[in-house]
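Visitor: One structure follows; several queries about it will come next.
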Amino acid sequence: MSRYFEDIATDDELEPLERLPTEDKAVEFFGRDNPTNPAFGDAEAGRRMGFGGALVPGLLKLSWITNYVGAWAGPEANLRSVRVAFRRPDIAGKPLTLAGRVVDKRQEDGANIVELEVVTLADDQPTVRGNVQVEIPSRP
Amino acid sequence: MADVTESKITDEHRAMIGQKSDPIEVVPRTPDAQRMRDLLDDSDPRWADGTGIAPPYILAMMEPRLPAELSPQVLSSGILTQTEWKFSQPIKLEEPLQAVTQLIDVRDRLGGRYGYSVLVMFQTAYLNSDGEEAAASLRTITQFDRPE
């Protein structure tokens with residue numbers, strides 16, 4: 001479903017979305033034949049590195065955020081940028097909640113720009129904080 | 001953790017800022033796009049089968065390793081703490097891109113969970129066959145010394 005600039009207001013909230021990261025998803029994300037950090041697919045390797053289990057890849061979380069905002073913005077929108085800060089490690093098997101809200105909307109060089117803040121939460125604590133900029137069409 | 005009152009960044013480290021890697025060819029592969037779309041439950045029609053367009057998160061598969069010759073080793077350990085992706089054009093599947101990585105900054109950071117740490121920032125530009133930037137990524141590595 002398309003979303004239009006006129007229908008968006010600052011402080012609009014995105015519906016939260018839950019994702020369950022697993023060791024299997026981490027390995028599958030990069031492809032089973034591709035080398036990755038062993039701590040992504042092996043809880044014991046994660047524990048040896050000082051974490052509580054297998055690590056959730058930051059790039060998987062970044063991709064979830066990218067997809068989360070893209071789905072909200074709709075197929076006529078253009079993603080301009082996604083910036084994230086990895087605040088704390090996530091451990092496979094712990095559900096993550098994605099949440100977001102609109103923090104600004106403006107017109108810039110003839111384009112409708114919407115800025116969002118997005119976060120992933122584990123046990124209600126932010127693990128990734130992100131800022132996303134999307135170009136959204138006007139209502140026809 | 002010992003207090004650090006002086007920067008450990010040397011002139012030699014600073015001299016590396018601005019240096020660029022040789023271009024590396026990267027190709028956004030269709031099987032990668034399909035696998036990632038399925039894993040993320042992404043049904044966006046813009047990069048569905050047959051469109052020839054990659055989902056934006058294909059960058060996760062394309063990011064080249066940070067070149068050692070551009071990576072100042074100020075402290076002993078490092079972890080990726082920030083990433084930014086920028087998109088200028090749709091990324092076409094199977095169309096080779098030239099990835100050029102540049103060290104853009106090295107700076108001290110005092111305080112925070114790592115104590116004294118050093119932020120090392122790299123930008124990778126993905127250029128199409130016309131030399132235009134299709135996408136870019138900015139990666140920040142936080143270097144720190146592991147406590148003994």
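Within each chain, counting starts at residue 1; across the structure tokens, chains are named A, B, ... in the order shown, with ligands numbered 1 upward in that order.
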Do me a favour and pick out the residues of chain A within 8 Å of chain B, using only C-alpha atoms, as a PyMOL selection string.
Guide: chain A and resi 25+28-31+59-60+62-64+66-67+71+75+79-87
Visitor: Can you write just those residues out, C-alpha atoms, as a PDB file, in the first residue's frame?
Guide:
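Final file, selection_38.pdb:
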ATOM      1  CA  LYS A  25      18.816 -17.165  10.355  1.00  0.00           C
ATOM      2  CA  GLU A  28      21.309 -18.209   6.200  1.00  0.00           C
ATOM      3  CA  PHE A  29      21.390 -14.418   5.927  1.00  0.00           C
ATOM      4  CA  PHE A  30      24.973 -14.452   4.689  1.00  0.00           C
ATOM      5  CA  GLY A  31      24.603 -17.747   2.826  1.00  0.00           C
ATOM      6  CA  LEU A  59      23.958  -6.284   9.264  1.00  0.00           C
ATOM      7  CA  LEU A  60      20.933  -8.532   9.791  1.00  0.00           C
ATOM      8  CA  LEU A  62      20.280  -3.179   9.817  1.00  0.00           C
ATOM      9  CA  SER A  63      18.513  -5.096   7.055  1.00  0.00           C
ATOM     10  CA  TRP A  64      15.476  -5.679   9.264  1.00  0.00           C
ATOM     11  CA  THR A  66      15.680  -1.138   6.271  1.00  0.00           C
ATOM     12  CA  ASN A  67      12.866  -3.529   5.422  1.00  0.00           C
ATOM     13  CA  ALA A  71       7.335  -1.630   4.217  1.00  0.00           C
ATOM     14  CA  PRO A  75       6.428   0.818  -2.837  1.00  0.00           C
ATOM     15  CA  LEU A  79      14.903   5.022   0.705  1.00  0.00           C
ATOM     16  CA  ARG A  80      17.683   7.603   0.819  1.00  0.00           C
ATOM     17  CA  SER A  81      19.717   6.561   3.833  1.00  0.00           C
ATOM     18  CA  VAL A  82      19.764   4.384   6.924  1.00  0.00           C
ATOM     19  CA  ARG A  83      22.183   5.120   9.736  1.00  0.00           C
ATOM     20  CA  VAL A  84      22.423   2.883  12.780  1.00  0.00           C
ATOM     21  CA  ALA A  85      24.443   2.746  15.964  1.00  0.00           C
ATOM     22  CA  PHE A  86      24.917  -0.671  17.508  1.00  0.00           C
ATOM     23  CA  ARG A  87      24.427   0.029  21.201  1.00  0.00           C
TER      24      ARG A  87
END
Visitor: Neighbours of Ala54 of chain A within 8 Å (only C-alpha atoms; same-chain residues fewer than 4 positions away dropped), as a ChimeraX atom specification?
Guide: /A:23,39-47,91-92
Visitor: Can you work out the spacing between atom CA of Thr101 of chain B and atom CA of Phe122 of chain B in Å, to one decimal?
Guide: 6.7 Å
Visitor: Which polymer residues have any atom within 12 Å of an atom of segment 19-27 of chain B, counting only C-alpha atoms, with same-chain residues fewer than 4 positions away left out, as a PyMOL selection string?
Guide: chain B and resi 13-15+31-33+54+58-72+91-105+121-129+131
Visitor: Pull the alpha helix (DSSP H) assignments for chain B out of DSSP run on the backbone, and list those residues as a list in words.
Guide: Asp11, Glu12, His13, Arg14, Ala15, Thr30, Pro31, Asp32, Ala33, Gln34, Arg35, Met36, Arg37, Asp38, Leu39, Leu59, Ala60, Met61 and Met62 of chain B
Visitor: Would you pick out the contacts of Asp104 of chain A at 9 Å or less, using only C-alpha atoms, so that residues sharing its chain but fewer than 6 positions from it are not included, and give the list as JSON, numbers by chain?
Guide: {"A": [9, 10, 11, 113, 114, 115, 116]}
Visitor: Keeping N, CA, C and O atoms for every residue in the selection just given, could you write it to a file as an mmCIF file, in the first residue's frame?
Guide:
data_model
loop_
_atom_site.group_PDB
_atom_site.id
_atom_site.type_symbol
_atom_site.label_atom_id
_atom_site.label_comp_id
_atom_site.auth_asym_id
_atom_site.auth_seq_id
_atom_site.Cartn_x
_atom_site.Cartn_y
_atom_site.Cartn_z
ATOM 1 N N ALA A 9 2.466 12.677 9.621
ATOM 2 C CA ALA A 9 2.680 13.782 10.568
ATOM 3 C C ALA A 9 3.853 13.444 11.475
ATOM 4 O O ALA A 9 4.114 12.263 11.771
ATOM 5 N N THR A 10 4.551 14.478 11.902
ATOM 6 C CA THR A 10 5.610 14.284 12.886
ATOM 7 C C THR A 10 5.009 13.620 14.129
ATOM 8 O O THR A 10 3.895 13.940 14.529
ATOM 9 N N ASP A 11 5.742 12.709 14.687
ATOM 10 C CA ASP A 11 5.349 11.903 15.855
ATOM 11 C C ASP A 11 4.448 10.724 15.505
ATOM 12 O O ASP A 11 4.075 9.960 16.398
ATOM 13 N N ILE A 113 10.679 14.825 1.984
ATOM 14 C CA ILE A 113 11.583 14.026 2.814
ATOM 15 C C ILE A 113 10.935 13.758 4.173
ATOM 16 O O ILE A 113 10.411 14.672 4.816
ATOM 17 N N VAL A 114 10.991 12.516 4.583
ATOM 18 C CA VAL A 114 10.501 12.131 5.909
ATOM 19 C C VAL A 114 11.663 11.476 6.651
ATOM 20 O O VAL A 114 12.350 10.621 6.107
ATOM 21 N N GLU A 115 11.859 11.923 7.871
ATOM 22 C CA GLU A 115 12.918 11.349 8.717
ATOM 23 C C GLU A 115 12.279 10.554 9.845
ATOM 24 O O GLU A 115 11.312 11.016 10.464
ATOM 25 N N LEU A 116 12.840 9.410 10.094
ATOM 26 C CA LEU A 116 12.322 8.553 11.161
ATOM 27 C C LEU A 116 13.443 8.139 12.110
ATOM 28 O O LEU A 116 14.599 8.013 11.693
#
Visitor: What gap, in Å, lies between atom CA of Leu17 of chain A and atom CA of Ala77 of chain A?
Guide: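 Interatomic distance, atom CA of Leu17 of chain A to atom CA of Ala77 of chain A: 19.9 Å.
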Visitor: From the list B:Ala134, B:Thr142, B:Glu12, B:Gly78, which residue is nearest Arg109 of chain B when using only C-alpha atoms?
Guide: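 With only C-alpha atoms as the atom set, the closest residue is B:Thr142.
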Visitor: DSSP on the backbone: what in segment 59-93 of chain B comes out strand (DSSP E), as a list in words?
Guide: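 Everything in segment 59-93 of chain B that counts as strand (DSSP E) is Ser77, Gly78, Ile79, Leu80, Thr81, Gln82, Thr83, Glu84, Trp85, Lys86 and Phe87 of chain B.
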Visitor: Enter the distance from atom CA of Thr51 of chain B to atom CA of Gln34 of chain B, in Å, rounded to one decimal.
Guide: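 It comes out at 11.8 Å.
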